[in-house]
$ cat my_file16.txt   # compact mmCIF, C-alpha atoms and all ligand atoms
# COMPACT_ATOMS: atom_id res chain seq x y z
CA MET Q 1 166.54 103.90 5.71
CA ALA Q 2 162.99 105.13 6.27
CA LEU Q 3 163.92 108.13 4.12
CA GLY Q 4 165.22 105.84 1.38
CA MET Q 5 168.96 105.57 1.99
CA GLN Q 6 169.52 102.04 0.78
CA GLY Q 7 170.90 100.46 -2.35
CA MET Q 8 172.31 97.35 -3.90
CA PHE Q 9 175.83 96.30 -4.82
CA ILE Q 10 176.00 94.10 -7.93
CA VAL Q 11 179.35 92.38 -8.40
CA HIS Q 12 179.90 91.15 -11.93
CA PRO Q 13 182.43 88.30 -11.89
CA ARG Q 14 185.41 88.61 -14.18
CA THR Q 15 184.51 85.19 -15.62
CA PRO Q 16 180.72 84.82 -15.82
CA GLN Q 17 179.50 81.37 -14.89
CA LEU Q 18 176.03 81.79 -16.31
CA PRO Q 19 174.61 82.25 -19.77
CA LYS Q 20 175.16 85.89 -20.67
CA VAL Q 21 172.08 88.02 -20.20
CA ASP Q 22 171.15 90.80 -22.59
CA ARG Q 23 169.24 92.94 -20.06
CA ASP Q 24 170.02 93.05 -16.36
CA TYR Q 25 167.58 95.04 -14.24
CA CYS Q 26 167.63 95.78 -10.53
CA ILE Q 27 164.64 96.91 -8.51
CA MET Q 28 164.72 97.90 -4.85
CA LEU Q 29 161.35 97.65 -3.15
CA HIS Q 30 160.54 100.17 -0.47
CA ASN Q 31 157.74 101.74 1.50
CA PHE Q 32 157.28 105.23 2.87
CA ALA Q 33 154.76 107.01 5.04
CA VAL Q 34 154.09 110.47 3.64
CA HIS Q 35 151.28 112.12 5.53
CA ALA Q 36 148.79 114.39 3.81
CA GLY Q 37 150.13 117.91 3.50
CA THR Q 38 153.77 116.87 3.95
CA ALA Q 39 156.58 116.08 1.54
CA THR Q 40 158.98 114.23 3.86
CA PRO Q 41 158.51 110.58 4.82
CA ASP Q 42 157.71 109.98 8.48
CA PRO Q 43 160.44 107.65 9.82
CA SER Q 44 158.51 106.87 13.02
CA VAL Q 45 155.86 104.88 11.16
CA MET Q 46 156.52 101.16 11.59
CA THR Q 47 154.16 99.20 9.36
CA ASP Q 48 151.35 101.45 8.13
CA PHE Q 49 152.82 102.88 4.94
CA ASN Q 50 151.09 104.65 2.07
CA MET Q 51 153.79 104.90 -0.64
CA TRP Q 52 155.00 101.70 -2.31
CA THR Q 53 157.98 102.18 -4.57
CA PHE Q 54 160.21 100.55 -7.20
CA ASN Q 55 163.62 102.24 -6.86
CA SER Q 56 162.00 104.97 -4.77
CA ARG Q 57 159.55 105.89 -7.53
CA VAL Q 58 155.85 105.29 -8.01
CA PHE Q 59 153.92 104.53 -11.20
CA PRO Q 60 153.35 106.33 -13.54
CA GLY Q 61 156.68 107.94 -12.63
CA ILE Q 62 158.63 104.72 -13.29
CA ASP Q 63 160.41 104.08 -16.57
CA PRO Q 64 159.43 100.92 -18.42
CA MET Q 65 161.93 98.11 -18.72
CA VAL Q 66 162.69 97.21 -22.33
CA ALA Q 67 163.95 94.19 -24.22
CA ARG Q 68 164.40 93.06 -27.79
CA THR Q 69 162.48 89.96 -28.81
CA GLY Q 70 164.65 86.96 -27.97
CA ASP Q 71 166.69 88.76 -25.31
CA ARG Q 72 167.64 86.90 -22.17
CA VAL Q 73 166.38 89.13 -19.34
CA ARG Q 74 167.30 89.15 -15.66
CA ILE Q 75 165.42 91.12 -13.02
CA ARG Q 76 166.92 91.29 -9.52
CA VAL Q 77 164.37 92.32 -6.93
CA ALA Q 78 165.59 93.31 -3.46
CA ASN Q 79 163.37 94.00 -0.49
CA LEU Q 80 164.38 96.04 2.55
CA SER Q 81 160.86 97.33 3.14
CA MET Q 82 158.74 96.23 6.09
CA HIS Q 83 156.46 93.96 4.06
CA GLU Q 84 156.86 91.02 1.70
CA HIS Q 85 156.00 91.67 -1.94
CA PRO Q 86 154.71 89.09 -4.44
CA ILE Q 87 156.13 90.43 -7.71
CA HIS Q 88 154.03 89.35 -10.66
CA ILE Q 89 154.83 89.51 -14.36
CA HIS Q 90 152.48 89.20 -17.33
CA GLY Q 91 153.17 87.54 -20.65
CA THR Q 92 155.93 85.27 -19.41
CA ALA Q 93 157.10 83.50 -16.25
CA PHE Q 94 160.12 84.02 -14.06
CA GLU Q 95 162.64 81.27 -13.70
CA VAL Q 96 163.92 81.92 -10.19
CA THR Q 97 167.66 81.73 -10.70
CA GLY Q 98 169.08 83.27 -7.55
CA THR Q 99 168.65 84.72 -4.09
CA ASP Q 100 170.71 87.04 -1.92
CA ALA Q 101 172.73 83.94 -0.98
CA GLY Q 102 173.83 83.23 -4.53
CA TRP Q 103 172.79 81.48 -7.71
CA ILE Q 104 170.42 78.53 -7.46
CA PRO Q 105 171.83 75.35 -9.02
CA GLN Q 106 170.35 74.73 -12.46
CA THR Q 107 168.50 71.59 -11.32
CA ALA Q 108 166.80 73.40 -8.43
CA ARG Q 109 165.49 76.41 -10.34
CA TYR Q 110 161.74 76.74 -10.61
CA LYS Q 111 159.24 78.79 -12.53
CA GLU Q 112 156.49 81.03 -11.27
CA THR Q 113 154.61 84.05 -12.51
CA THR Q 114 154.53 85.63 -9.05
CA MET Q 115 157.87 85.70 -7.27
CA LEU Q 116 157.51 86.34 -3.54
CA VAL Q 117 160.30 88.57 -2.25
CA PRO Q 118 160.41 88.36 1.54
CA VAL Q 119 161.80 91.12 3.74
CA GLY Q 120 165.59 91.22 3.73
CA ASN Q 121 165.78 89.02 0.65
CA ILE Q 122 166.61 89.15 -3.02
CA ARG Q 123 165.00 87.06 -5.71
CA VAL Q 124 166.39 86.95 -9.22
CA GLY Q 125 163.93 86.18 -12.01
CA GLY Q 126 165.01 85.31 -15.51
CA PHE Q 127 163.12 84.80 -18.75
CA ILE Q 128 163.47 84.91 -22.51
CA ALA Q 129 161.61 87.85 -24.04
CA ASP Q 130 159.55 85.68 -26.36
CA TYR Q 131 156.48 87.80 -26.99
CA PRO Q 132 156.48 91.43 -28.19
CA GLY Q 133 154.10 93.66 -26.25
CA ASP Q 134 153.69 95.80 -23.16
CA TRP Q 135 153.64 93.45 -20.19
CA ALA Q 136 152.76 94.64 -16.71
CA MET Q 137 155.04 93.83 -13.79
CA HIS Q 138 153.79 94.75 -10.35
CA CYS Q 139 153.38 93.78 -6.72
CA HIS Q 140 150.32 91.57 -6.42
CA LYS Q 141 149.14 93.04 -3.12
CA SER Q 142 146.45 95.21 -4.61
CA HIS Q 143 146.92 98.17 -2.27
CA HIS Q 144 150.63 98.25 -3.17
CA THR Q 145 149.56 99.29 -6.67
CA MET Q 146 147.18 101.91 -5.24
CA ASN Q 147 149.25 104.56 -3.52
CA ALA Q 148 147.96 107.13 -1.08
CA MET Q 149 146.02 104.50 0.79
CA GLY Q 150 145.52 105.19 4.45
CA HIS Q 151 143.12 105.43 7.36
CA ASP Q 152 140.84 108.36 8.08
CA ILE Q 153 140.44 109.41 4.46
CA PRO Q 154 136.99 109.71 2.93
CA ASN Q 155 135.69 106.98 0.64
CA MET Q 156 135.82 108.51 -2.84
CA LEU Q 157 133.74 105.83 -4.58
CA GLY Q 158 131.02 107.47 -6.63
CA VAL Q 159 132.45 110.98 -6.22
CA PRO Q 160 132.76 112.77 -9.58
CA HIS Q 161 136.45 113.48 -10.02
CA SER Q 162 136.74 114.14 -13.74
CA ASP Q 163 137.97 117.68 -13.05
CA LEU Q 164 139.98 116.83 -9.93
CA ALA Q 165 143.37 116.30 -11.61
CA ARG Q 166 143.17 119.67 -13.39
CA ARG Q 167 142.30 121.44 -10.13
CA ILE Q 168 145.10 119.69 -8.21
CA ARG Q 169 147.53 120.64 -11.02
CA THR Q 170 146.95 124.30 -10.18
CA LEU Q 171 148.52 123.45 -6.80
CA VAL Q 172 150.92 120.66 -7.88
CA PRO Q 173 152.19 121.22 -11.45
CA GLY Q 174 152.41 118.01 -13.46
CA TYR Q 175 150.22 116.06 -11.03
CA MET Q 176 148.69 112.93 -12.59
CA MET Q 177 145.87 110.90 -11.07
CA MET Q 178 146.99 107.83 -12.98
CA GLY Q 179 148.96 106.86 -16.07
CA GLU Q 180 147.37 107.25 -19.49
CA GLY Q 181 147.54 104.10 -21.59
CA PRO Q 182 146.51 103.28 -25.16
CA PHE Q 183 143.10 102.07 -23.97
CA GLY Q 184 142.46 104.81 -21.38
CA PRO Q 185 143.67 105.58 -17.86
CA ILE Q 186 145.83 102.94 -16.20
CA GLU Q 187 144.31 102.67 -12.74
CA MET Q 188 147.59 101.72 -11.13
CA GLY Q 189 150.13 103.44 -8.93
CA GLY Q 190 152.94 102.47 -6.64
CA MET Q 191 154.73 99.20 -7.38
CA PHE Q 192 153.81 98.90 -11.04
CA THR Q 193 155.74 99.16 -14.27
CA THR Q 194 155.87 97.53 -17.69
CA MET Q 195 158.26 95.30 -19.61
CA LYS Q 196 158.18 96.48 -23.22
CA ILE Q 197 159.37 93.86 -25.69
CA ARG Q 198 159.93 94.87 -29.31
CA ASP Q 199 161.33 93.15 -32.40
CA ASP Q 200 163.30 96.27 -33.31
CA GLN Q 201 164.53 97.50 -29.91
CA GLY Q 202 168.25 98.31 -30.33
CA HIS Q 203 170.58 96.08 -28.32
CA ASP Q 204 171.94 99.04 -26.34
CA ASP Q 205 168.72 101.03 -26.42
CA TYR Q 206 166.98 101.46 -23.08
CA GLY Q 207 164.64 104.16 -24.35
CA ASP Q 208 160.88 103.88 -24.06
CA PRO Q 209 159.57 102.67 -27.45
CA GLY Q 210 156.08 104.02 -26.68
CA TRP Q 211 152.95 101.92 -26.48
CA TYR Q 212 152.83 98.66 -28.38
CA GLU Q 213 151.00 98.77 -31.69
CA HIS Q 214 148.94 95.62 -31.69
CA PRO Q 215 148.80 93.77 -35.01
CA ALA Q 216 145.35 93.91 -36.59
CA GLY Q 217 143.00 91.30 -35.17
CA THR Q 218 144.89 90.78 -31.91
CA VAL Q 219 142.87 93.12 -29.68
CA ALA Q 220 139.52 92.07 -28.20
CA TRP Q 221 136.48 94.05 -29.24
CA LYS Q 222 132.84 94.26 -28.20
CA LEU Q 223 130.71 91.87 -30.20
CA GLU Q 224 127.79 94.31 -30.56
CA ASP Q 225 130.16 96.94 -32.00
CA SER Q 226 131.26 94.40 -34.56
CA ALA Q 227 127.64 93.44 -35.38
CA ASN Q 228 126.83 97.10 -35.93
CA GLY Q 229 129.72 97.45 -38.28
CU CU W 301 153.91 94.80 -2.31
$ encode --input "my_file16.txt" --output "structure tokens" --more "lines below"
Ligand SMILES: [Cu+2]
Amino acid sequence: MALGMQGMFIVHPRTPQLPKVDRDYCIMLHNFAVHAGTATPDPSVMTDFNMWTFNSRVFPGIDPMVARTGDRVRIRVANLSMHEHPIHIHGTAFEVTGTDAGWIPQTARYKETTMLVPVGNIRVGGFIADYPGDWAMHCHKSHHTMNAMGHDIPNMLGVPHSDLARRIRTLVPGYMMMGEGPFGPIEMGGMFTTMKIRDDQGHDDYGDPGWYEHPAGTVAWKLEDSANG
């Protein structure tokens, strides 16, 4: 398990009892300890991990989830890691519709934007994809979105690292310090991905539609830039 051998069975009933969902996602949360200079997780580490993963992958190496505007979306989040994870979504709120023990009765469901997934548990969050855009979904423990944390490493604050990624790429082809977004680097790693909602996403299309093109006038700008024309 410490090397990642775990998964999730999803049994779809022959006769669904719930409103049909258009998108049904499953995310397994996990943690690994990969020491500097090694490529294999250390299974003897008990709680002090440095790799925080969605389906064994870390951002920016995680595909976005997609939905068409108006879709009913379900995200099942399962946790067999050694820590609890508060899973937060932007732009909407989860209705918590189920746990590992089954579906929650309609009258007992509740809404929250951060769905705590304890160890050994599943939480199922549902929502209607009302608003087109690129919405972040991530663990809200800040160091779970900052991989390669650990003890006994130097504090890099203030160290010029503009050329660091290029130099590391000579050793590790394709290495990325962080994801590149439409407004610059996305300073996130680990348990982070996006929910991309589009008016024209095909019903069976799970492809990445690229970054959202914000309608004119919907992106904040610096007032002095505006004053200067
Ligand atoms: Cu977490």
$ residues_near_point --input "my_file16.txt" --point "(165.7, 77.6, -9.9)" --cutoff "6 Å" --atoms "only C-alpha atoms" --output "ChimeraX atom specification"
/Q:96-97,104,108-110
$ residues_near_ligand --input "my_file16.txt" --ligand "ligand CU 301 (chain W)" --cutoff "9 Å" --atoms "all atoms listed in the file" --output "number ranges by chain"
Q: 29-31, 52-53, 83-87, 117, 138-145, 190-191
$ residues_near_point --input "my_file16.txt" --point "(165.8, 103.6, -23.4)" --cutoff "10 Å" --atoms "all atoms listed in the file" --output "ChimeraX atom specification"
/Q:63-67,201-202,204-209
$ atom_distance --input "my_file16.txt" --atom1 "atom CA of Asp100 of chain Q" --atom2 "atom CA of Ala78 of chain Q"
8.2 Å
$ residues_around --input "my_file16.txt" --residues "segment 36-43 of chain Q" --least-positions-apart "5" --cutoff "9 Å" --atoms "all atoms listed in the file" --output "list in words"
Met1, Ala2, Leu3, Gly4 and Ala148 of chain Q
$ closest_residue --input "my_file16.txt" --among "Q:Glu187, Q:Asp71, Q:Asp163, Q:Glu180" --to "Phe127 of chain Q" --atoms "only C-alpha atoms"
Q:Asp71
$ closest_residue --input "my_file16.txt" --among "Q:Pro182, Q:Pro154, Q:Gly126, Q:Gly189" --to "Gly61 of chain Q" --atoms "all atoms listed in the file"
Q:Gly189
$ atom_distance --input "my_file16.txt" --atom1 "atom CA of Thr113 of chain Q" --atom2 "atom CA of Ala33 of chain Q"
28.9 Å
$ closest_residue --input "my_file16.txt" --among "Q:Lys111, Q:Arg23, Q:His35, Q:His88" --to "Ile75 of chain Q" --atoms "all atoms listed in the file"
Q:Arg23
$ closest_residue --input "my_file16.txt" --among "Q:Asn147, Q:Pro185, Q:Pro60, Q:Asp200" --to "Ser162 of chain Q" --atoms "only C-alpha atoms"
Q:Pro185
$ residues_around --input "my_file16.txt" --residues "Arg76 of chain Q" --least-positions-apart "3" --cutoff "12 Å" --atoms "only C-alpha atoms" --output "JSON, numbers by chain"
{"Q": [8, 9, 10, 23, 24, 25, 26, 27, 28, 29, 54, 55, 73, 79, 87, 94, 95, 96, 97, 98, 99, 100, 102, 103, 115, 117, 121, 122, 123, 124, 125, 126, 127]}
$ atom_distance --input "my_file16.txt" --atom1 "atom CA of Arg169 of chain Q" --atom2 "atom CA of Ile186 of chain Q"
18.5 Å
$ closest_residue --input "my_file16.txt" --among "Q:Val11, Q:Ile128, Q:Leu164, Q:Val58" --to "Gly70 of chain Q" --atoms "only C-alpha atoms"
Q:Ile128
$ closest_residue --input "my_file16.txt" --among "Q:Ala220, Q:Ala129, Q:Met46, Q:Leu116" --to "Arg74 of chain Q" --atoms "all atoms listed in the file"
Q:Ala129
$ build_atoms --input "my_file16.txt" --residues "segment 35-46 of chain Q" --atoms "all heavy atoms" --output "PDB file, in the coordinates of the input"
ATOM      1  N   HIS Q  35     152.597 111.672   5.064  1.00  0.00           N
ATOM      2  CA  HIS Q  35     151.280 112.120   5.530  1.00  0.00           C
ATOM      3  C   HIS Q  35     150.744 113.248   4.643  1.00  0.00           C
ATOM      4  O   HIS Q  35     151.520 114.004   4.053  1.00  0.00           O
ATOM      5  CB  HIS Q  35     151.356 112.589   6.977  1.00  0.00           C
ATOM      6  CG  HIS Q  35     151.881 111.553   7.917  1.00  0.00           C
ATOM      7  ND1 HIS Q  35     151.337 110.288   8.018  1.00  0.00           N
ATOM      8  CD2 HIS Q  35     152.934 111.565   8.787  1.00  0.00           C
ATOM      9  CE1 HIS Q  35     152.006 109.577   8.907  1.00  0.00           C
ATOM     10  NE2 HIS Q  35     152.997 110.323   9.384  1.00  0.00           N
ATOM     11  N   ALA Q  36     149.433 113.334   4.605  1.00  0.00           N
ATOM     12  CA  ALA Q  36     148.790 114.390   3.810  1.00  0.00           C
ATOM     13  C   ALA Q  36     149.320 115.754   4.217  1.00  0.00           C
ATOM     14  O   ALA Q  36     149.473 116.040   5.407  1.00  0.00           O
ATOM     15  CB  ALA Q  36     147.277 114.329   4.015  1.00  0.00           C
ATOM     16  N   GLY Q  37     149.658 116.562   3.225  1.00  0.00           N
ATOM     17  CA  GLY Q  37     150.130 117.910   3.500  1.00  0.00           C
ATOM     18  C   GLY Q  37     151.614 117.999   3.781  1.00  0.00           C
ATOM     19  O   GLY Q  37     152.123 119.081   4.073  1.00  0.00           O
ATOM     20  N   THR Q  38     152.318 116.863   3.713  1.00  0.00           N
ATOM     21  CA  THR Q  38     153.770 116.870   3.950  1.00  0.00           C
ATOM     22  C   THR Q  38     154.485 116.322   2.731  1.00  0.00           C
ATOM     23  O   THR Q  38     153.872 115.684   1.867  1.00  0.00           O
ATOM     24  CB  THR Q  38     154.159 116.023   5.178  1.00  0.00           C
ATOM     25  OG1 THR Q  38     153.976 114.630   4.848  1.00  0.00           O
ATOM     26  CG2 THR Q  38     153.314 116.369   6.384  1.00  0.00           C
ATOM     27  N   ALA Q  39     155.791 116.577   2.671  1.00  0.00           N
ATOM     28  CA  ALA Q  39     156.580 116.080   1.540  1.00  0.00           C
ATOM     29  C   ALA Q  39     157.739 115.199   2.007  1.00  0.00           C
ATOM     30  O   ALA Q  39     158.501 114.705   1.195  1.00  0.00           O
ATOM     31  CB  ALA Q  39     157.139 117.262   0.737  1.00  0.00           C
ATOM     32  N   THR Q  40     157.864 115.006   3.315  1.00  0.00           N
ATOM     33  CA  THR Q  40     158.980 114.230   3.860  1.00  0.00           C
ATOM     34  C   THR Q  40     158.426 112.957   4.496  1.00  0.00           C
ATOM     35  O   THR Q  40     157.467 113.022   5.265  1.00  0.00           O
ATOM     36  CB  THR Q  40     159.734 115.061   4.933  1.00  0.00           C
ATOM     37  OG1 THR Q  40     160.128 116.290   4.337  1.00  0.00           O
ATOM     38  CG2 THR Q  40     160.959 114.313   5.427  1.00  0.00           C
ATOM     39  N   PRO Q  41     158.998 111.811   4.189  1.00  0.00           N
ATOM     40  CA  PRO Q  41     158.510 110.580   4.820  1.00  0.00           C
ATOM     41  C   PRO Q  41     158.643 110.640   6.340  1.00  0.00           C
ATOM     42  O   PRO Q  41     159.584 111.236   6.870  1.00  0.00           O
ATOM     43  CB  PRO Q  41     159.437 109.506   4.234  1.00  0.00           C
ATOM     44  CG  PRO Q  41     159.954 110.080   2.968  1.00  0.00           C
ATOM     45  CD  PRO Q  41     160.068 111.558   3.207  1.00  0.00           C
ATOM     46  N   ASP Q  42     157.702 110.033   7.016  1.00  0.00           N
ATOM     47  CA  ASP Q  42     157.710 109.980   8.480  1.00  0.00           C
ATOM     48  C   ASP Q  42     158.443 108.705   8.910  1.00  0.00           C
ATOM     49  O   ASP Q  42     157.920 107.602   8.742  1.00  0.00           O
ATOM     50  CB  ASP Q  42     156.261 109.973   8.972  1.00  0.00           C
ATOM     51  CG  ASP Q  42     156.177 109.902  10.491  1.00  0.00           C
ATOM     52  OD1 ASP Q  42     157.226 109.698  11.144  1.00  0.00           O
ATOM     53  OD2 ASP Q  42     155.055 110.043  11.023  1.00  0.00           O
ATOM     54  N   PRO Q  43     159.660 108.837   9.481  1.00  0.00           N
ATOM     55  CA  PRO Q  43     160.440 107.650   9.820  1.00  0.00           C
ATOM     56  C   PRO Q  43     159.964 106.943  11.083  1.00  0.00           C
ATOM     57  O   PRO Q  43     160.469 105.874  11.418  1.00  0.00           O
ATOM     58  CB  PRO Q  43     161.860 108.200   9.990  1.00  0.00           C
ATOM     59  CG  PRO Q  43     161.665 109.614  10.400  1.00  0.00           C
ATOM     60  CD  PRO Q  43     160.384 110.076   9.764  1.00  0.00           C
ATOM     61  N   SER Q  44     158.979 107.525  11.801  1.00  0.00           N
ATOM     62  CA  SER Q  44     158.510 106.870  13.020  1.00  0.00           C
ATOM     63  C   SER Q  44     157.409 105.852  12.743  1.00  0.00           C
ATOM     64  O   SER Q  44     157.033 105.085  13.619  1.00  0.00           O
ATOM     65  CB  SER Q  44     158.022 107.912  14.029  1.00  0.00           C
ATOM     66  OG  SER Q  44     156.857 108.538  13.542  1.00  0.00           O
ATOM     67  N   VAL Q  45     156.884 105.860  11.512  1.00  0.00           N
ATOM     68  CA  VAL Q  45     155.860 104.880  11.160  1.00  0.00           C
ATOM     69  C   VAL Q  45     156.518 103.506  11.019  1.00  0.00           C
ATOM     70  O   VAL Q  45     157.600 103.383  10.433  1.00  0.00           O
ATOM     71  CB  VAL Q  45     155.145 105.298   9.855  1.00  0.00           C
ATOM     72  CG1 VAL Q  45     154.273 104.173   9.319  1.00  0.00           C
ATOM     73  CG2 VAL Q  45     154.313 106.552  10.098  1.00  0.00           C
ATOM     74  N   MET Q  46     155.873 102.473  11.560  1.00  0.00           N
ATOM     75  CA  MET Q  46     156.520 101.160  11.590  1.00  0.00           C
ATOM     76  C   MET Q  46     156.004 100.211  10.512  1.00  0.00           C
ATOM     77  O   MET Q  46     156.769  99.507   9.879  1.00  0.00           O
ATOM     78  CB  MET Q  46     156.367 100.543  12.969  1.00  0.00           C
ATOM     79  CG  MET Q  46     157.194 101.299  14.009  1.00  0.00           C
ATOM     80  SD  MET Q  46     157.230 100.505  15.608  1.00  0.00           S
ATOM     81  CE  MET Q  46     155.626 100.937  16.248  1.00  0.00           C
TER      82      MET Q  46
END
